[in-house]
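structure13.pdb, holding PDB, C-alpha atoms:
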ATOM      1  CA  MET A   1     -44.045  43.196  37.591
ATOM      2  CA  LYS A   2     -43.341  39.654  36.363
ATOM      3  CA  ARG A   3     -43.977  40.774  32.785
ATOM      4  CA  TYR A   4     -41.402  43.598  33.048
ATOM      5  CA  SER A   5     -38.852  41.249  34.570
ATOM      6  CA  THR A   6     -39.365  38.772  31.723
ATOM      7  CA  ILE A   7     -39.025  41.486  29.070
ATOM      8  CA  THR A   8     -35.901  42.881  30.736
ATOM      9  CA  LEU A   9     -34.375  39.402  30.938
ATOM     10  CA  LEU A  10     -35.123  38.727  27.254
ATOM     11  CA  LEU A  11     -33.586  42.041  26.203
ATOM     12  CA  LEU A  12     -30.492  41.340  28.281
ATOM     13  CA  LEU A  13     -30.085  37.841  26.824
ATOM     14  CA  SER A  14     -30.575  39.192  23.301
ATOM     15  CA  ALA A  15     -27.910  41.846  23.857
ATOM     16  CA  LEU A  16     -25.458  39.298  25.245
ATOM     17  CA  GLY A  17     -26.161  36.926  22.353
ATOM     18  CA  TRP A  18     -25.623  39.723  19.825
ATOM     19  CA  MET A  19     -22.335  40.690  21.453
ATOM     20  CA  GLY A  20     -21.157  37.051  21.350
ATOM     21  CA  CYS A  21     -21.627  36.871  17.573
ATOM     22  CA  ARG A  22     -18.942  39.307  16.539
ATOM     23  CA  LYS A  23     -18.109  39.263  12.852
ATOM     24  CA  ASP A  24     -14.436  40.228  13.324
ATOM     25  CA  ASP A  25     -13.365  36.999  15.055
ATOM     26  CA  PRO A  26     -10.961  35.209  12.683
ATOM     27  CA  ILE A  27     -12.251  31.804  11.604
ATOM     28  CA  ASP A  28     -10.340  29.288   9.473
ATOM     29  CA  GLU A  29     -11.671  27.170   6.590
ATOM     30  CA  ASP A  30     -12.822  24.484   9.062
ATOM     31  CA  GLY A  31     -14.885  26.976  11.060
ATOM     32  CA  LEU A  32     -12.405  26.962  13.944
ATOM     33  CA  LEU A  33     -11.371  30.100  15.796
ATOM     34  CA  ILE A  34      -7.862  31.302  14.987
ATOM     35  CA  THR A  35      -6.087  32.242  18.218
ATOM     36  CA  SER A  36      -2.755  33.789  19.141
ATOM     37  CA  ARG A  37      -1.219  30.487  20.287
ATOM     38  CA  ALA A  38       1.940  29.476  18.430
ATOM     39  CA  GLU A  39       2.483  26.146  20.235
ATOM     40  CA  CYS A  40       2.410  23.190  17.898
ATOM     41  CA  TYR A  41       2.959  19.629  19.114
ATOM     42  CA  VAL A  42       1.462  16.191  19.754
ATOM     43  CA  SER A  43       1.063  15.419  23.462
ATOM     44  CA  ASN A  44      -0.430  11.923  23.255
ATOM     45  CA  PHE A  45      -1.124   9.244  20.653
ATOM     46  CA  GLU A  46      -3.440   6.243  20.656
ATOM     47  CA  LEU A  47      -3.898   3.552  18.041
ATOM     48  CA  LEU A  48      -7.126   1.552  18.025
ATOM     49  CA  GLY A  49      -8.078  -1.618  16.185
ATOM     50  CA  SER A  50     -11.339  -2.288  14.355
ATOM     51  CA  ASP A  51     -13.004  -3.090  17.711
ATOM     52  CA  PHE A  52     -11.908   0.350  19.013
ATOM     53  CA  GLN A  53      -9.604  -1.257  21.580
ATOM     54  CA  THR A  54      -5.965  -0.249  21.849
ATOM     55  CA  VAL A  55      -3.446  -2.242  19.834
ATOM     56  CA  ARG A  56      -0.406  -0.615  21.468
ATOM     57  CA  THR A  57       1.888  -2.796  23.566
ATOM     58  CA  LYS A  58       2.975   0.271  25.585
ATOM     59  CA  ASN A  59       2.664   4.055  25.423
ATOM     60  CA  ALA A  60       3.758   5.691  22.192
ATOM     61  CA  VAL A  61       7.091   7.518  22.292
ATOM     62  CA  ILE A  62       6.558  11.074  21.073
ATOM     63  CA  ASP A  63       9.608  13.127  20.140
ATOM     64  CA  THR A  64       8.515  16.755  19.746
ATOM     65  CA  VAL A  65      11.959  17.806  18.484
ATOM     66  CA  ALA A  66      12.367  15.140  15.787
ATOM     67  CA  CYS A  67       8.575  15.228  15.188
ATOM     68  CA  THR A  68       8.111  11.472  15.404
ATOM     69  CA  VAL A  69       5.619   9.169  17.045
ATOM     70  CA  ASN A  70       6.937   5.632  17.600
ATOM     71  CA  VAL A  71       4.389   2.997  18.497
ATOM     72  CA  THR A  72       4.647  -0.777  18.814
ATOM     73  CA  VAL A  73       1.536  -2.868  18.196
ATOM     74  CA  PHE A  74       0.712  -6.432  19.170
ATOM     75  CA  PHE A  75       1.745  -9.278  16.877
ATOM     76  CA  GLY A  76      -1.110 -10.129  14.517
ATOM     77  CA  THR A  77      -2.639  -6.633  14.478
ATOM     78  CA  ASP A  78      -4.492  -5.796  11.250
ATOM     79  CA  LEU A  79      -2.359  -2.854  10.125
ATOM     80  CA  LYS A  80      -4.787  -1.958   7.320
ATOM     81  CA  ASN A  81      -7.583  -1.023   9.722
ATOM     82  CA  LEU A  82      -6.233   1.161  12.499
ATOM     83  CA  TYR A  83      -7.798   4.263  13.978
ATOM     84  CA  PRO A  84      -5.219   6.856  15.090
ATOM     85  CA  GLN A  85      -6.102   9.358  17.806
ATOM     86  CA  PHE A  86      -3.928  12.399  18.428
ATOM     87  CA  THR A  87      -4.022  14.685  21.439
ATOM     88  CA  LEU A  88      -2.711  18.099  20.439
ATOM     89  CA  VAL A  89      -1.747  21.243  22.288
ATOM     90  CA  THR A  90      -4.663  23.646  22.865
ATOM     91  CA  ASP A  91      -6.080  25.288  19.696
ATOM     92  CA  ALA A  92      -3.897  23.263  17.302
ATOM     93  CA  LYS A  93      -5.418  21.186  14.531
ATOM     94  CA  LEU A  94      -4.355  18.189  12.462
ATOM     95  CA  ASP A  95      -3.985  17.793   8.713
ATOM     96  CA  PRO A  96      -5.153  15.509   7.240
ATOM     97  CA  LYS A  97      -8.174  15.115   9.480
ATOM     98  CA  ILE A  98      -8.842  11.682  10.938
ATOM     99  CA  THR A  99     -12.050  10.552   9.246
ATOM    100  CA  GLY A 100     -11.936   6.820   9.831
ATOM    101  CA  PHE A 101      -9.723   3.776   9.761
ATOM    102  CA  THR A 102      -6.271   4.213   8.235
ATOM    103  CA  ASP A 103      -3.876   1.805   6.523
ATOM    104  CA  PHE A 104      -0.520   1.630   8.339
ATOM    105  CA  SER A 105       0.611  -1.592   6.603
ATOM    106  CA  ASP A 106       3.459   0.016   4.627
ATOM    107  CA  LEU A 107       5.972  -0.030   7.487
ATOM    108  CA  ALA A 108       8.798   1.238   5.264
ATOM    109  CA  ASN A 109       6.919   4.497   4.581
ATOM    110  CA  PRO A 110       5.517   5.997   7.798
ATOM    111  CA  ARG A 111       2.291   8.002   7.595
ATOM    112  CA  THR A 112       2.680  11.723   8.126
ATOM    113  CA  TYR A 113       0.370  14.198   9.820
ATOM    114  CA  THR A 114       0.868  17.946  10.103
ATOM    115  CA  VAL A 115       0.069  19.756  13.348
ATOM    116  CA  ILE A 116      -0.967  23.372  12.767
ATOM    117  CA  SER A 117      -0.760  25.928  15.582
ATOM    118  CA  GLY A 118      -3.710  27.960  16.868
ATOM    119  CA  ASN A 119      -2.487  31.072  15.054
ATOM    120  CA  ARG A 120      -2.145  28.923  11.867
ATOM    121  CA  LYS A 121       1.434  30.169  11.332
ATOM    122  CA  VAL A 122       3.447  27.198  12.683
ATOM    123  CA  ARG A 123       3.313  23.774  11.036
ATOM    124  CA  LYS A 124       5.144  20.639  12.141
ATOM    125  CA  THR A 125       4.933  17.379  10.240
ATOM    126  CA  TYR A 126       5.049  14.262  12.423
ATOM    127  CA  LYS A 127       5.944  10.777  11.180
ATOM    128  CA  VAL A 128       3.991   7.958  12.769
ATOM    129  CA  ILE A 129       6.340   4.977  12.847
ATOM    130  CA  VAL A 130       4.601   1.684  13.557
ATOM    131  CA  ALA A 131       6.483  -1.448  14.599
ATOM    132  CA  VAL A 132       5.001  -4.882  15.202
ATOM    133  CA  GLN A 133       5.873  -6.749  18.390
ATOM    134  CA  PRO A 134       7.866  -9.905  17.619
ATOM    135  CA  ARG A 135       6.205 -13.254  18.291
TER     136      ARG A 135
END

Output the file's structure in the form of structure tokens.
Amino acid sequence: MKRYSTITLLLLLSALGWMGCRKDDPIDEDGLLITSRAECYVSNFELLGSDFQTVRTKNAVIDTVACTVNVTVFFGTDLKNLYPQFTLVTDAKLDPKITGFTDFSDLANPRTYTVISGNRKVRKTYKVIVAVQPR
């Protein structure tokens, strides 16, 4: 009896696993599932120093209409070695990908990142504007 239960369980798990691996699910070039979601925005932003501690003086101001992220960092922050962290709406992705520390030292030319919706049809380019807290 135990043997038949084990075989039945294995067959059931195999069938469920096979059904979960459908070939018609749309996948993008990064291996991420393309969904029907058209939302496309940044909901939170963090900026970390080389010690992975925040360098923000207060929360970043995110304007989803103007597509800007304004952040003020502490005086003396090494702007050449900052690690940005974006929180995006569900299923969205960021381009370019964050792969390590980023140079934000050119304050006159803000860095730009594009948020791409889950359905990959909506793109919004955000400017990350960094200001340094006065002494």

Per-residue nearest contacts of region 40-59 of chain A to region 105-115 of chain A (10 Å; all atoms listed in the file) as CSV:
residue,atom,partner,partner_atom,distance
A:Cys40,CA,A:Val115,CA,6.2
A:Tyr41,CA,A:Val115,CA,6.5
A:Val42,CA,A:Val115,CA,7.5

Write the residues you've just listed into a file as a PDB file, in the coordinates of the input, and include C-alpha atoms for each of them.
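File out_23.pdb, as written:
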ATOM      1  CA  CYS A  40       2.410  23.190  17.898  1.00  0.00           C
ATOM      2  CA  TYR A  41       2.959  19.629  19.114  1.00  0.00           C
ATOM      3  CA  VAL A  42       1.462  16.191  19.754  1.00  0.00           C
TER       4      VAL A  42
END

Carefully work through the PyMOL selection byres ((chain A and resi 33) around 12) for this structure and note down the residues it includes, as a PyMOL selection string. chain A and resi 22-32+34-37+90-93+117-120

Identify all residues satisfying the PyMOL selection byres ((chain A and resi 45) around 6) in the given file; provide them as a PyMOL selection string. chain A and resi 44+46+85-86

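Take the candidates A:Ile7, A:Val122, A:Val55, A:Ala60 and check each one against Val73 (chain A) using all atoms listed in the file; the shortest distance goes to A:Val55.
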
Produce the centre coordinates and the three edge lengths, each in Å to one decimal, of the box along x, y and z that contains all listed atoms of region 58-65 of chain A with 5 Å added on each side, as lines of an AutoDock Vina configuration file.
center_x = 7.3
center_y = 9.0
center_z = 22.0
size_x = 19.3
size_y = 27.5
size_z = 17.1

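If only C-alpha atoms are the atoms counted, then among A:Leu88, A:Leu79, A:Pro134, A:Asn70 the closest residue to Lys58 (chain A) is A:Asn70.
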
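Comparing A:Cys67, A:Thr72, A:Asp95, A:Phe101 by their smallest distance to Gly49 (chain A), the closest is A:Phe101 (using only C-alpha atoms).
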
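The residue that comes closest to Ala131 (chain A), out of A:Val71, A:Thr99, A:Tyr83, A:Gly76 and on the basis of only C-alpha atoms, is A:Val71.
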
One decimal, Å: what's the distance from CA of Lys127 (chain A) over to CA of Glu39 (chain A), could you say? 18.2 Å

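For the pair CA of Thr54 (chain A) and CA of Arg123 (chain A), the interatomic distance is 27.9 Å.
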
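One distance worth recording is that between CA of Thr102 (chain A) and CA of Leu82 (chain A), which is 5.2 Å.
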
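Candidate residues A:Ile116, A:Val61, A:Val132, A:Ala38 were compared for distance to Leu94 (chain A), and the nearest is A:Ile116, using all atoms listed in the file.
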
Selection under test: the PyMOL selection byres ((chain A and resi 65) around 10); residues as a PyMOL selection string: chain A and resi 41+62-64+66-68+124+126
